[in-house]
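> For reference, the file start-v8.cif (mmCIF, C-alpha atoms and all ligand atoms) is included below:
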```
data_data
#
loop_
_atom_site.label_atom_id
_atom_site.label_comp_id
_atom_site.auth_asym_id
_atom_site.auth_seq_id
_atom_site.Cartn_x
_atom_site.Cartn_y
_atom_site.Cartn_z
CA MET A 123 39.97 45.42 -70.35
CA ALA A 124 43.05 47.60 -70.84
CA PRO A 125 42.00 50.55 -73.02
CA ILE A 126 43.79 51.49 -76.23
CA THR A 127 46.31 54.24 -75.55
CA GLY A 128 48.00 54.40 -78.95
CA LYS A 129 46.96 54.19 -82.55
CA THR A 130 43.95 52.21 -83.78
CA HIS A 131 44.82 50.32 -86.97
CA GLU A 132 42.18 49.07 -89.37
CA VAL A 133 42.04 45.57 -90.86
CA LYS A 134 39.38 44.74 -93.43
CA MET A 135 37.50 41.44 -93.41
CA VAL A 136 36.78 40.52 -97.01
CA GLY A 137 35.15 37.67 -98.86
CA ASP A 138 34.78 37.90 -102.62
CA ALA A 139 35.66 36.10 -105.86
CA LYS A 140 39.36 36.16 -104.83
CA GLY A 141 38.70 34.36 -101.56
CA TYR A 142 38.31 35.09 -97.87
CA ARG A 143 40.94 37.20 -96.17
CA PHE A 144 42.02 39.85 -93.70
CA GLU A 145 43.56 42.92 -95.34
CA PRO A 146 46.29 43.27 -94.31
CA ALA A 147 46.56 39.75 -92.88
CA ASN A 148 49.92 40.39 -91.24
CA ILE A 149 50.28 43.58 -89.23
CA THR A 150 52.71 44.96 -86.68
CA VAL A 151 51.43 47.13 -83.84
CA LYS A 152 52.93 48.69 -80.77
CA GLN A 153 51.94 47.68 -77.28
CA GLY A 154 48.97 49.93 -76.40
CA ASP A 155 47.69 50.14 -79.97
CA GLY A 156 44.39 48.65 -81.08
CA ILE A 157 43.04 47.02 -84.20
CA LYS A 158 39.56 47.61 -85.56
CA PHE A 159 38.51 44.70 -87.78
CA VAL A 160 35.80 45.90 -90.16
CA VAL A 161 33.51 43.75 -92.32
CA VAL A 162 33.70 44.71 -95.99
CA SER A 163 32.04 41.71 -97.63
CA GLY A 164 31.46 37.97 -97.38
CA GLY A 165 30.28 37.80 -93.76
CA PRO A 166 29.79 36.38 -91.29
CA HIS A 167 33.34 36.91 -90.08
CA ASN A 168 34.87 36.98 -86.64
CA VAL A 169 38.25 37.42 -84.99
CA ALA A 170 39.69 34.56 -82.96
CA PHE A 171 42.99 33.62 -81.38
CA ASP A 172 43.79 29.96 -80.82
CA PRO A 173 44.14 29.57 -77.04
CA ALA A 174 46.86 26.97 -77.70
CA THR A 175 49.09 29.58 -79.39
CA VAL A 176 48.62 32.40 -76.87
CA PRO A 177 51.09 32.36 -73.95
CA SER A 178 49.31 31.46 -70.72
CA ASP A 179 50.37 34.72 -69.07
CA VAL A 180 48.78 36.73 -71.92
CA LYS A 181 45.54 34.80 -72.37
CA GLY A 182 43.48 36.49 -69.67
CA GLN A 183 44.46 40.02 -70.66
CA LEU A 184 43.97 39.43 -74.40
CA ASP A 185 40.57 37.85 -73.78
CA ALA A 186 39.58 40.84 -71.65
CA ASN A 187 40.89 43.21 -74.33
CA MET A 188 38.39 41.76 -76.81
CA GLY A 189 35.59 43.17 -74.65
CA SER A 190 32.37 41.34 -73.81
CA ASP A 191 31.15 40.89 -77.41
CA LYS A 192 32.42 37.31 -77.64
CA MET A 193 31.13 33.82 -78.36
CA GLY A 194 33.92 32.15 -76.42
CA GLU A 195 37.38 32.57 -74.96
CA LEU A 196 39.52 34.62 -77.37
CA SER A 197 36.78 34.44 -80.03
CA SER A 198 34.60 37.43 -80.97
CA ASN A 199 30.98 37.27 -81.97
CA MET A 200 30.14 36.91 -85.65
CA LYS A 201 29.79 40.08 -87.69
CA MET A 202 27.55 39.83 -90.71
CA ASN A 203 27.04 43.19 -92.36
CA ALA A 204 29.42 45.62 -94.03
CA GLY A 205 30.60 48.22 -91.55
CA GLU A 206 30.20 46.04 -88.47
CA SER A 207 33.44 45.71 -86.54
CA VAL A 208 35.43 44.07 -83.77
CA THR A 209 38.01 46.11 -81.88
CA VAL A 210 40.84 44.51 -79.93
CA SER A 211 43.19 46.40 -77.62
CA PHE A 212 46.84 45.41 -77.36
CA ALA A 213 47.45 47.37 -74.18
CA ASN A 214 49.33 45.31 -71.58
CA ILE A 215 50.00 42.61 -74.17
CA LYS A 216 53.64 41.56 -74.26
CA ALA A 217 55.66 41.62 -77.45
CA GLY A 218 55.38 38.65 -79.72
CA PRO A 219 53.51 37.10 -82.62
CA TYR A 220 49.80 36.43 -82.20
CA PRO A 221 48.30 34.27 -84.95
CA TYR A 222 44.59 34.87 -85.49
CA HIS A 223 41.83 33.66 -87.77
CA CYS A 224 38.17 33.87 -88.74
CA VAL A 225 36.32 30.84 -87.36
CA PRO A 226 33.81 30.40 -90.22
CA HIS A 227 36.54 30.76 -92.86
CA LEU A 228 39.52 29.10 -91.18
CA ALA A 229 39.34 26.19 -93.63
CA LEU A 230 39.46 28.77 -96.43
CA ASN A 231 42.70 30.15 -94.98
CA MET A 232 41.28 33.39 -93.58
CA LYS A 233 44.03 33.99 -91.07
CA GLY A 234 47.00 36.18 -90.27
CA VAL A 235 49.52 37.20 -87.67
CA ILE A 236 49.51 40.27 -85.43
CA THR A 237 52.99 41.12 -84.19
CA VAL A 238 53.12 43.23 -81.05
CA GLN A 239 56.33 45.22 -80.63
CU CU B 1 35.62 35.21 -92.39
#
```
Once more with this new file: its structure as structure tokens, please.

Amino acid sequence: MAPITGKTHEVKMVGDAKGYRFEPANITVKQGDGIKFVVVSGGPHNVAFDPATVPSDVKGQLDANMGSDKMGELSSNMKMNAGESVTVSFANIKAGPYPYHCVPHLALNMKGVITVQ
């Protein structure tokens, strides 16, 4: 895992009467930054990247940067309770768009795009 060397951004994971979503869903970070995804409501949520959309030369590093708290490649464990979180480092991740989603709520359109600059 390449540790976060820059800023840690926060993205909320929300499920309520308005639907299931990441807030903000689309976010731009710098290489070396991190994102802390925090459960607000409506869990379980998780953070997952589709291996088919991640460049092959990024996959290993991004998977490592999600730490060991995972249920599969590029897919974090489920987080149920408010305040629980998943942190992903974008150190050593090349610039580009990285679409991501919540596995339990993908069909409900809980997804977004992280752009690494
Ligand atoms: Cu979710």
> Could you tell me which of A:Asn214, A:Ser190, A:Asn203, A:Asn168 comes closest to ligand CU 1 (chain B) if we count only C-alpha atoms and all ligand atoms?
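So, comparing all the options, the nearest one is A:Asn168.
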> So which residues are near ligand CU 1 (chain B), meaning at most 7 Å away with only C-alpha atoms and all ligand atoms counted, given back as a list of chain:residue names?
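With only C-alpha atoms and all ligand atoms and a cut-off of 7 Å, ligand CU 1 (chain B) is contacted by A:Met135, A:Gly137, A:Tyr142, A:Arg143, A:Gly165, A:Pro166, A:His167, A:Asn168, A:Cys224, A:Val225, A:Pro226, A:His227, A:Met232.
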> Which residue gives the smallest distance to Asp179 (chain A) among A:Thr209, A:Lys216, A:Glu132, A:Leu196, with all atoms listed in the file counted?
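Closest candidate: A:Lys216.
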> CA of Ile126 (chain A) and CA of Thr175 (chain A), how far apart in Å?
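Straight-line distance from CA of Thr175 (chain A) to CA of Ile126 (chain A) works out to 22.8 Å.
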> List the spatial neighbours of Ala213 (chain A) as an MDAnalysis selection string - criterion: any atom at most 9 Å away, only C-alpha atoms, same-chain residues fewer than 3 positions off excluded.
chainID A and resid 123:128 152:156 183:184 187 216
> Could those residues be written to a file, using C-alpha atoms, as a short mmCIF file (atom, residue, chain, number, x, y, z; two decimals), in the frame of the given file?

```
data_model
loop_
_atom_site.label_atom_id
_atom_site.label_comp_id
_atom_site.auth_asym_id
_atom_site.auth_seq_id
_atom_site.Cartn_x
_atom_site.Cartn_y
_atom_site.Cartn_z
CA MET A 123 39.97 45.42 -70.35
CA ALA A 124 43.05 47.60 -70.84
CA PRO A 125 42.00 50.55 -73.02
CA ILE A 126 43.79 51.49 -76.23
CA THR A 127 46.31 54.24 -75.55
CA GLY A 128 48.00 54.40 -78.95
CA LYS A 152 52.93 48.69 -80.77
CA GLN A 153 51.94 47.68 -77.28
CA GLY A 154 48.97 49.93 -76.40
CA ASP A 155 47.69 50.14 -79.97
CA GLY A 156 44.39 48.65 -81.08
CA GLN A 183 44.46 40.02 -70.66
CA LEU A 184 43.97 39.43 -74.40
CA ASN A 187 40.89 43.21 -74.33
CA LYS A 216 53.64 41.56 -74.26
#
```
> What lies within 12 Å of Gly194 (chain A) using all atoms listed in the file, ignoring chain neighbours under 6 positions off, as a count of residues only?
11
> Please report the interatomic distance between CA of Phe144 (chain A) and CA of Lys233 (chain A) in Å with one decimal.
6.7 Å
